[in-house]
Amino acid sequence: MKFTLSWLKDHLETTATVDEIVENLTDLGLEVEGVEDPAARLAPFTIARIQSAEQHPDADRLRVCMVETDEGMKQIVCGAPNARAGITVVLAKPGDYVPGIDTTLAVGKIRGVESHGMMASERELELSDEHGGIIELPSGSVGQKFTAWLAANDPAKVDPVIEIAITPNRQDALGIRGIARDLAARGLGRLKAHDPLPVAGRFPCPVTVSIDADTLDVAPHFAGRVIRGVKNGPSPRWLQDRLRAIGLRPISALVDVTNYFTYDMNRPLHVFDVDKMHGGLRVHRATGDETLLALDGKTYALRAGHTLISDAHGPESLAGIMGGEDTGCTEDTVTVFLESAWWDPVHTALTGRDLKIHSDARYRFERGVDPDYTLPGLEAATRMILDLCGGEPSDVVEAGTAPKTARSYSLDTRRVISLVGMDIPKAEQARILTSLGFSATGAGDTLEVWVPSWRRDVQGEADLVEEVARISSLTKLEPKPLPRATAGVPKPVLTPMQLRERMGRRTAAALGYNECVTYSFIDRAAAQLFGGGGDEVMLENPISADLSHMRPDLLPGLLRAASRNQARGMTDLALFEMGHVFHGGEPGQQHLQIAGLLVGHTGPRDPYGTRRAVDVYDIKADAEAVLAAMGAPAKVQILRGAPGWWHPGRHGVICLGPQKRLGIFGELHPKVLKAMDVKGPAMAFTLMPGDIPLPKTASASRGAVEMAGFQAVDRDFAFVVDAEVEAALLVNAAAGADKALIADVRVFDEFIGGSLGEGKKSIALSVRLQPRDRTLTEDDIETVAAKIVDKVQKASGGLLRG
Amino acid sequence: MDGLEQLKSDWLSRIGAAQDEATLEDLRVAAIGKKGDISLRMRDLGAMSPQERQIAGPALNALKDEVTTAIAAKKAALGDAALDERLRAEWLDVTLPARHRRNGTIHPVSQVTEEVTAIFADMGFAVAEGPQIETDWHNFDALNIPGHHPARAEMDTFYTHRAPGDDRPPHVLRTHTSPVQIRYMEAHGAPTRVIAPGRVYRADYDQTHTPMFHQVEGLAIDRDISMANLKWVLEAFFSAYFGRTVKTRFRASHFPFTEPSAEVDIQCSWEGGTVKVGEGNDWLEVLGSGMVHPKVLQAGGIDPTQWQGFAFGMGIDRIAMLKYGIPDLRAFFDSDLRWLRHYGFSALQMPSVHAGV
């Protein structure tokens, strides 16, 4: 919303400076987005008079002028064709910044002749595009400030333009009067009276108006009058200047008047050319068959229920949104019907949204126009049309009545103080409300507050508190410490799950993974590759087809990230993300996941030959470390049966029992990598922090450590088994041979094929025996070893390797 | 005992001339081994008269000691020389690169979320989370934004698909973290202090907007919490977060879910084209806040005649950009390794109030 200072001063009697006004507007909640003050850039320039103008000795087109200035006579070289003795000019002196040529002047020599400044054209001062010559003023005295001359003779040229943002609740500030009212309440001046007197009709209104019974709920009040014999044409300069200053294009006097009231009083109006109308106007709901060519030149197909203004010929105007082209006013209009009506905000908003029309009228009606100003607005606009276009007004015709808005709320003035935390006395609260147009009276601590008709947003006590607070100034609010909820050292606040999330994330980073944050939505094809992509997680209005479905898994996002990095030449990647994935479209159908992705090599080439391609056992180590950091038990099972995006033979499902899955690690399926445009192979893990059981005890105590005093003994075994037999089977069998004595079983070698023959492999185990009460004898060791061999052979079907 | 002097000088010179440990060992055996020269002479002592023995014994012993010492010294010298030689041979070019070790990083969004959490935890705020797919009731109605409210249209909301026949209003991707207020109030009642960081979504993409970003919501409800308390809390937060005193400016504004409402600016300077927080005379808008609207308290099951409090919401990505000088929001979600390494944080750099955030 833009307005000029002089326009504001139509409503506000004030001596405040632009800076003061701007500062207060922002503080009041009418945030200033920009100020354009032409006076600021014109401030240095003064008025001067050319005493003489002689031909430059070395240049045909230049003249050497002697100029009378406030600092005495100065010599100035000028190239303007109109530079001549006797004219009054605008002078820029050395040191002045000239905006139109973006230059700070200095004393110069032009073709050998010294020049002490310049005489400016309108374009050089950014007053207009005029550059045919220097400015010739019809009046003004030497040394007078040019801005002072403009203020007296052409005020629009130095009228500051202020642009503010309007929050949705401040429909009243969509009129300049509303802005003035706020500033007056703040103490920046006095709100001038505005009480338009009715204009007596000279004849009965020839246009009848009616509202259908089923439409009264959304169109309760429709009024207007005919003015005949008007002479439409360009509106006067002052009106055009004002409209242009706030970014509107002047059209014709009649239309300009309606735009003027839209911005001046937040009172949109409409003018019909009566000679193009057929019969009276009827306000009614659309049946859904109508179309209307609107003033923006587009044809709109109406839906059943939209509100229309029609004559005998059909639809002529979209109520509260836009008039129709057929009955629009032109330069030739001589008989006009001036409409002032009140349209329901919600209904107007829905219609506007349906038709995708953005207009000043819709913007205002959907926020709420003052219902009690329908008739006064009509009268004031009539007066202005008569002033500008002449003509003869009819009586006012009216259908329906203004909706009743009178309401009052009790305001507990102590509560205002308690909520805001500022000591605002009751009398001041009452003054603020009164100056905003409320009436506020009452004994004790309570005020009974009646809401003015233009403040539709005020719907309860809380809104009144806000009015008092913002006029009192939140900038001035003094901070007050918020006492701790409990004394002493603050208690920890994170839940076990939140701690787990943090530990998982930081462990992954500690393992060398770079954390990514990728979008929660991906394309359908990618989602489908990872078990998602259903309609229940589809967005109705995605920002692009790439971001259409909520992610079922973190891996597609990480793979896309890997693909982008590969394209940029970064091929050794360790990426992870921790975030929510979606298994359904209902609130809560999301769960936390942490996923890691390894692609490429363990590192760059080096002289030591340590570089190798990443493999399943790298990712397994990382998955185990992250799981452990998140509190997973050390004993887990590694099973098969992961979903199809994993390599069928190279993955493990990390389980606590067959039903309790904590995560998956392994190599990703080459087809999936190809679809995601990632050069593989790629190793990954996905873990489900929420599925890790919480510890049963909250105690910090660790229990006693066991450190046996007797020498441990290591014994190695190698077994030949079928190639498909899993090492875990052997390890578990060996460990089960003597649970008390065997502290650890580790696989330290695997050898496949070769001399063992096709389909066979050798697994070598190192078993640590840890006695607790005595040193082991050779016999003890032999006994256990025999048991281990026996158990492993039975379990695996293999043989001890000789 | 003749020739002992000669013997001594003989042995000492042979020991001194030994070039390696093997030669030295041979000399030891030859001199003081069981059948060594000196040992044999000592054996002869038994055949001597006591007078002779009294002279010869100590002399021979002294000779043996001297030879033993000389051998030990020579052995040490030979050992040192051999070690020196080996170490000379073991020279390595230590300017060769170290073995590679991957360095992981924490994303700025995670880091800043933890920083914010640490500061508010110190002021007694717990951390809550909520669903990202929300009912339109939680995202809008409960926050006093009815269906026709202009604010609703301005939110650029993402809606989820509704199956034919499912006549419920479509769910939304939460446009702000504010619905967590409602869920937390429903679950915990009053008094309460909580923050809710998380992902939010708006259908907007340009230089400064991404369709997903991060917010943190704050909520404090008690008997007499005021807007002045809110101002103090935010100033305390910003000063702790930026590590210097940061002034705030409250401007009246409007949000459907708070009343009174304020936009909050922080003090900054734009000198040299970069923003510096906590100095200068300019203001930068960073969050929206206010006193929780009575209707919102009611929606959360809290009696607004008994309880009052404040709420605020600010952009995590935005304050991360401000603090760490990150220029482009869109790059947050692009996962460019160079960006992740440059703007990421060490795994061990865990924010805490005592160590600084």
# chains A, B, ... in the order shown; residues from 1 in each chain; ligands from 1

call {"tool": "select_by_dssp", "arguments": {"residues": "segment 102-182 of chain A", "states": "strand (DSSP E or B)", "output": "ChimeraX atom specification"}}
result
/A:103-104,108-110,113-115,118-119,137,145,161-164

call {"tool": "residues_around", "arguments": {"residues": "segment 161-169 of chain B", "least_positions_apart": "3", "cutoff": "9 Å", "atoms": "only C-alpha atoms", "output": "list in words"}}
result
Asp535, Glu536, Val537, Met538, Leu539, Glu540, Asn541 and Gly585 of chain A; Thr135 and Asp136 of chain B

call {"tool": "residues_around", "arguments": {"residues": "Pro197 of chain B", "least_positions_apart": "5", "cutoff": "10 Å", "atoms": "only C-alpha atoms", "output": "number ranges by chain"}}
result
B: 113-114, 116-117, 127-130, 176-178, 180, 214-218, 313-316

call {"tool": "closest_residue", "arguments": {"among": "A:Leu559, A:Ile251, A:Met688, A:Val636", "to": "chain B", "atoms": "only C-alpha atoms"}}
result
A:Leu559

call {"tool": "residues_around", "arguments": {"residues": "segment 369-383 of chain A", "least_positions_apart": "3", "cutoff": "6 Å", "atoms": "only C-alpha atoms", "output": "list of chain:residue names"}}
result
A:Pro196, A:Pro198, A:Ser340, A:Ala341, A:Phe365, A:Leu386, A:Ala402, A:Ser453, A:Trp454

call {"tool": "write_last_selection", "arguments": {"atoms": "C-alpha atoms", "output": "compact mmCIF listing (two decimals), in the first residue's frame"}}
result
# COMPACT_ATOMS: atom_id res chain seq x y z
CA PRO A 196 -19.62 13.87 4.00
CA PRO A 198 -25.59 14.00 1.59
CA SER A 340 -21.42 1.61 -3.51
CA ALA A 341 -22.10 -1.79 -1.96
CA PHE A 365 -13.71 -6.56 0.20
CA LEU A 386 -19.97 16.68 -9.63
CA ALA A 402 -25.80 -2.38 6.05
CA SER A 453 -17.60 -0.49 12.14
CA TRP A 454 -14.30 -0.41 10.22

call {"tool": "residues_around", "arguments": {"residues": "Glu13 of chain A", "least_positions_apart": "6", "cutoff": "9 Å", "atoms": "only C-alpha atoms", "output": "list in words"}}
result
Ala180, Ala184, Leu188, Gly189, Arg190, Leu191 and Lys192 of chain A

call {"tool": "residues_around", "arguments": {"residues": "Thr69 of chain B", "least_positions_apart": "5", "cutoff": "12 Å", "atoms": "only C-alpha atoms", "output": "list in words"}}
result
Trp11, Leu12, Ile15, Gly16, Arg28, Ile32, Ala62, Leu63, Lys64, Lys74, Lys75 and Ala76 of chain B

call {"tool": "select_by_dssp", "arguments": {"residues": "segment 542-651 of chain A", "states": "helix (DSSP H, G or I)", "output": "JSON, numbers by chain"}}
result
{"A": [545, 546, 547, 555, 556, 557, 558, 559, 560, 561, 562, 563, 564, 565, 566, 567, 616, 617, 618, 619, 620, 621, 622, 623, 624, 625, 626, 627, 628, 629]}

call {"tool": "residues_around", "arguments": {"residues": "Phe748 of chain A", "least_positions_apart": "3", "cutoff": "12 Å", "atoms": "only C-alpha atoms", "output": "PDB file with C-alpha atoms, in the first residue's frame"}}
result
ATOM      1  CA  ARG A 715      43.673 -71.516  20.152  1.00  0.00           C
ATOM      2  CA  ASP A 716      43.170 -71.465  16.402  1.00  0.00           C
ATOM      3  CA  PHE A 717      40.980 -73.833  14.384  1.00  0.00           C
ATOM      4  CA  ALA A 718      40.268 -74.076  10.679  1.00  0.00           C
ATOM      5  CA  PHE A 719      37.239 -75.845   9.300  1.00  0.00           C
ATOM      6  CA  ALA A 727      30.671 -67.946   9.361  1.00  0.00           C
ATOM      7  CA  VAL A 731      31.286 -68.807  15.535  1.00  0.00           C
ATOM      8  CA  VAL A 745      35.522 -66.357  19.045  1.00  0.00           C
ATOM      9  CA  PHE A 751      39.778 -69.213   2.017  1.00  0.00           C
ATOM     10  CA  SER A 762      37.901 -72.853   4.896  1.00  0.00           C
ATOM     11  CA  ILE A 763      36.997 -70.672   7.868  1.00  0.00           C
ATOM     12  CA  ALA A 764      39.660 -70.092  10.505  1.00  0.00           C
ATOM     13  CA  LEU A 765      38.591 -69.271  14.041  1.00  0.00           C
ATOM     14  CA  SER A 766      40.605 -67.937  16.907  1.00  0.00           C
ATOM     15  CA  VAL A 767      39.111 -68.902  20.252  1.00  0.00           C
TER      16      VAL A 767
END

call {"tool": "closest_residue", "arguments": {"among": "B:Pro170, B:Pro97, B:Gly46, B:Pro108", "to": "Met321 of chain B", "atoms": "only C-alpha atoms"}}
result
B:Pro108

call {"tool": "closest_residue", "arguments": {"among": "B:Pro50, B:Gly273, B:Gly104, B:Gly309", "to": "Gln349 of chain B", "atoms": "only C-alpha atoms"}}
result
B:Gly104

call {"tool": "closest_residue", "arguments": {"among": "A:Leu12, A:Ala740, A:Leu494, A:Leu318", "to": "Ala118 of chain B", "atoms": "only C-alpha atoms"}}
result
A:Leu494

call {"tool": "closest_residue", "arguments": {"among": "A:Ile385, A:Val599, A:Val35, A:Ala525", "to": "Phe576 of chain A", "atoms": "only C-alpha atoms"}}
result
A:Val599

call {"tool": "closest_residue", "arguments": {"among": "A:Glu515, A:Asp618, A:Glu36, A:Asp154", "to": "chain B", "atoms": "only C-alpha atoms"}}
result
A:Glu515

call {"tool": "atom_distance", "arguments": {"atom1": "atom CA of Phe238 of chain B", "atom2": "atom CA of Arg506 of chain A"}}
result
25.1 Å
